[in-house]
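Quick notes on the structure that follows.
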Amino acid sequence: MMVTAACVGRDREIKVLSSRLHAVSGAELLAVTGDPGSGKSTLLAHLVHHHLASPGAGATLWARVSPWQSATPGSLIRQLLQDHHAESEPADGLVDALVAATDTTDGPVLVAIDDADLADEASLHALVTLIREHRSRRILVVVTTARPGTRLAGQAFDELRLEGVDAQGTADLAEQRGIVLHPAMRAELARHTSGNPRDIVALLDEVPVGTWSRSGAALPAPAHVVDSVRERLPEGSTPARALIEALAILDAAEPLSTAITLAGVEDPLEAIDDARRTGLVTSDGALTPAEAQPRIVTPLVRAAILEVLGMKAVGEAHRRAADVVVDPARRLHHRVAATPTADAGLADDLAELARTRGADGAWAEAAGLYRQSGRLTPDPLERDTRVTLAVDSLLAAGDCTGAGALVPTVESLRETPLRNATLAYLAILRGRSAEAQLRLDRAWGIVNLDREPDVAALIAQRHVLHNLVRCQGTELVTWADRAIDMAGSGSAARVEAAVIRGLGLAWSGHPDAARAEYESLSERIRYGAQAQRAIMGRGWLQLGLDEIDAARTNLETAVSMAQLGGSTRISMWALAWLARVQFLTGDWDEAMRNVDAGHSLARTSGIALTTPLLNWTSSQIHSLRGDWEEAHRSVAQSTTSIGDYEIMRIPDMLARAQLAEAAADYGKVRRILVPLRAMSESVPALSEPGLWPWVDVLANALVLEGQYDAADVLLREYGKRSEERGHRSSAARMKYARGRHLGAIGDIHGARRTFEEGIELLDGLGLRYDQARVNFAYGQTLRRAGKRRAADAVIGTARDLYVSLGANTYVERCDRELKAGGMATSRVETHGATKDAAELTPQEEAVTSLVARGLSNREVAAELFISPKTVQYHLTRIYAKLGLRSRAELAASRR
């Protein structure tokens, strides 16, 4: 019997095969191809198991071919039929046997053959004859073969090529063995093995378990790969072997001339040809000497070559390479690789290069350099400092998970200002405000400003980050100025403080100064990973200042720069704010893709700060589309992961409030958002127009709850700031809420004027969601005032906008408004029955529909923008007209 194994990382391939088998209408042949160890056999076994367990499926024949069977005619067919006593017969007899075995009307027949390229010719001819001469039968023959493009007995076939599993598939394979991979190690193991499941499993079994919980560990080759390479590696000191060794030692980016020099070969073309014949080296399809750039075929083979060479030979090769290569960083790499013991001079060189790369924003590289420097540093105190800087650099690169694994090591070191600043950094990225504050205060309290100006600048820069996520503009600017004054020219602390300072200026009421700050930065920082920080910060600012097109451009640029060595942390902010831009402008599919990308980075990095911001966008989109389950899931994810920073708490509250608003639960909206008013007294950024649209949402809820005076006070208190700043979208939102208020208190002329002003302010900004929202409220207000024809036109505009957004929740609400107004239709269709308008008025029909869905009088009133008393009045008339006595009977009548 074929034994099934877990088919990890092959969901797409399983779906393709299952669909093909289910839909097969005639005799077909499909080959699953892939490298040895890619999981072809496991995938085929999964298909067989699934077919056997499927109700209504036809016959299932399967076989696994062994090399020794190829010389025995008919051996494959006998295995398929489990007829070991049948005599060897000519092809016709074999075909007849197959025809009989597949003669079924129960459903599609599966014939599965593993390693079909090893099968005997007679059996293959019988299979091909079956396919060609019995085309009407629902038969799918699925074979596996290691050779793409192979023809079986002259028969061509469709191919399903198995590529390597991805990082998630790699993690799943590890989980089956009880091993949890560091997020960075998932990707590294998948890259190192090219995603080959056999090689992944072999390394998981052979490498010490502790290796998998950290990042940056060099991975070996599995034993079976080492054995294969040992057999193929040329013996002695031949030019081919020398070239192979040189290619294994050097960085893949080194030119061929460097490898030839290191190998010392006189005829490089002959050496290349001989090396390629071993199968250990490839030239990627080069046809002429000018195109030749040979390289070791895979990382696994490279690791195996180094294993075969041994430590002494590898060390000597690295020392020679250090004298040959030109790039200073690569030269240092070779020196480090050749040095097994402490070396103070080399350690200092590494630390200096790490500082330079950190100043450029290449933090992941800096972390590795500091780690190597720490290993080579003889002085214990200096070694502790460099180990701490390695962890700090990992955090700057956005690898909270990797840094967290090293935290016990840092905590075991003596207390220093740097140690406290690093642990505070981790607390910030994890969203732990109180812990970060305590550690930063301690670090600042014990640092010697005169002797340790660089460390002091670093601590000040961490205070900048701390106040950024506290949304404290004035404090942010104060600490940024300190960091800039104390830090050396071009230092990382100085650059990062500068690129964040502009946001602090905006939040402390100086938007023009913030614009000028980023304009200056764009001139000074044009390239490299640090430019990503400046571009993201500028996009963040522009979103808050209504410069929507510019914000989108800069945030998209910041996202794309992640591929050029940018920071994961900065990429997460860029993705989160870009998704907000796309939500407001109506690009909701793109927004959700960026939300998903942000969540993926959050999982792999361990950074929690941006999760509520991402979930705010996703919950809004899901609720507006009517996907309530996903909307509630997004809010729940945000709430469970929330820290105590304002940058996390505010979007979480907005997400929950806007979910309640989409459900027309305005009492809940009010309860959620009222605390923001008190928070705004200590968080001035909440009073600045732009990023946090809470005042209009709360004021709208207060109006619909009948708290007109409270709404008026709130709008007077915060509306003036929007006008002073000349902030168009924020002013439009205030007018949206003010129009609601004026309409509710009976000033319909003032309401119309206010709504029109709001619509005019939004003109040209491209904020389609806000445009729809203002028009919807305007139409509801007109209808309540009896301006049904005007209301019909305005709500129709809102409906068109909501349709273009895919906001089904509000499309349905607009439809109810249009029916309630009675202008759009004179007859109401309800579950296939037509009622005269004289029997139920449009307003009564709207009330009936909502009550039948289970809404309370207060909820119906909020939905239709009428009073609860009016709802009860309509219900009394509805019961009388329809001969009903209760809400339950009304609901039952509509089922």
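Residues are referred to by chain and number: the chain letter is A, B, ... according to the order shown in the structure tokens, the number counts from 1 in that chain, and ligands are numbered separately from 1 in the order shown.
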Could you give me, as a CSV table (one decimal) with N, CA and C atoms, in the first residue's frame, the residues within 9 Å of Leu47 of chain A, counting only C-alpha atoms and dropping anything in the same chain fewer than 5 positions from it?
```csv
chain,number,residue,atom,x,y,z
A,14,ILE,N,-1.6,20.7,-5.0
A,14,ILE,CA,-2.7,19.8,-4.6
A,14,ILE,C,-4.0,20.3,-5.3
A,17,LEU,N,-3.9,19.4,-9.1
A,17,LEU,CA,-4.1,18.0,-9.4
A,17,LEU,C,-5.6,17.6,-9.0
A,18,SER,N,-6.1,18.0,-7.9
A,18,SER,CA,-7.4,17.6,-7.5
A,18,SER,C,-8.5,18.2,-8.5
A,42,THR,N,5.7,12.3,-2.5
A,42,THR,CA,4.7,12.6,-1.4
A,42,THR,C,3.5,13.3,-2.0
A,52,LEU,N,-8.8,7.9,-3.1
A,52,LEU,CA,-9.4,6.7,-2.4
A,52,LEU,C,-10.5,7.0,-1.4
A,112,ALA,N,-1.8,6.3,-11.0
A,112,ALA,CA,-0.7,7.1,-10.5
A,112,ALA,C,0.6,6.2,-10.5
```
Polymer residues at most 9 Å from Tyr645 of chain A, only C-alpha atoms, same-chain spacing of 4 or more positions, as a ChimeraX atom specification: /A:428,431-434,466,469-471,609,649-650
Select, from A:Ala888, A:Arg302, A:Ala456, A:Leu468, the residue with the minimum atom-to-atom distance to Arg482 of chain A, counting only C-alpha atoms.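 Going through A:Ala888, A:Arg302, A:Ala456, A:Leu468 one by one, the smallest distance to Arg482 of chain A is for A:Ala456.
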Mind checking DSSP for segment 550-660 of chain A and telling me the alpha helix (DSSP H) residues as a PyMOL selection string? chain A and resi 550-560+568-585+588-605+611-625+628-641+646-660
When you look at Ala253 of chain A with a cut-off of 12 Å (counting only C-alpha atoms), what residues show up, excluding the ones that are within fewer than 6 positions of it in the same chain? I need them as a PyMOL selection string. chain A and resi 247+259+293-295+325-327+330
Go through segment 657-697 of chain A residue by residue and, counting only C-alpha atoms, keep those with an atom at most 8 Å from segment 616-638 of chain A; for each kept residue give the shortest atom pair and its distance in Å to one decimal, ordered by chain and increasing number, as JSON lines.
```
{"residue": "A:Gln658", "atom": "CA", "partner": "A:Gln620", "partner_atom": "CA", "distance": 6.6}
{"residue": "A:Leu659", "atom": "CA", "partner": "A:Ser623", "partner_atom": "CA", "distance": 6.2}
{"residue": "A:Ala662", "atom": "CA", "partner": "A:Ser623", "partner_atom": "CA", "distance": 6.4}
```
Ala59 of chain A surroundings by only C-alpha atoms, 7 Å radius, close-in-sequence under 5 positions cut, as a PyMOL selection string: chain A and resi 102+104+109-110
So that I can see what lies close to Ala31 of chain A, please list as a ChimeraX atom specification the residues with an atom at most 6 Å from it, counting only C-alpha atoms and leaving out residues fewer than 4 positions away in the same chain. /A:142-144,159
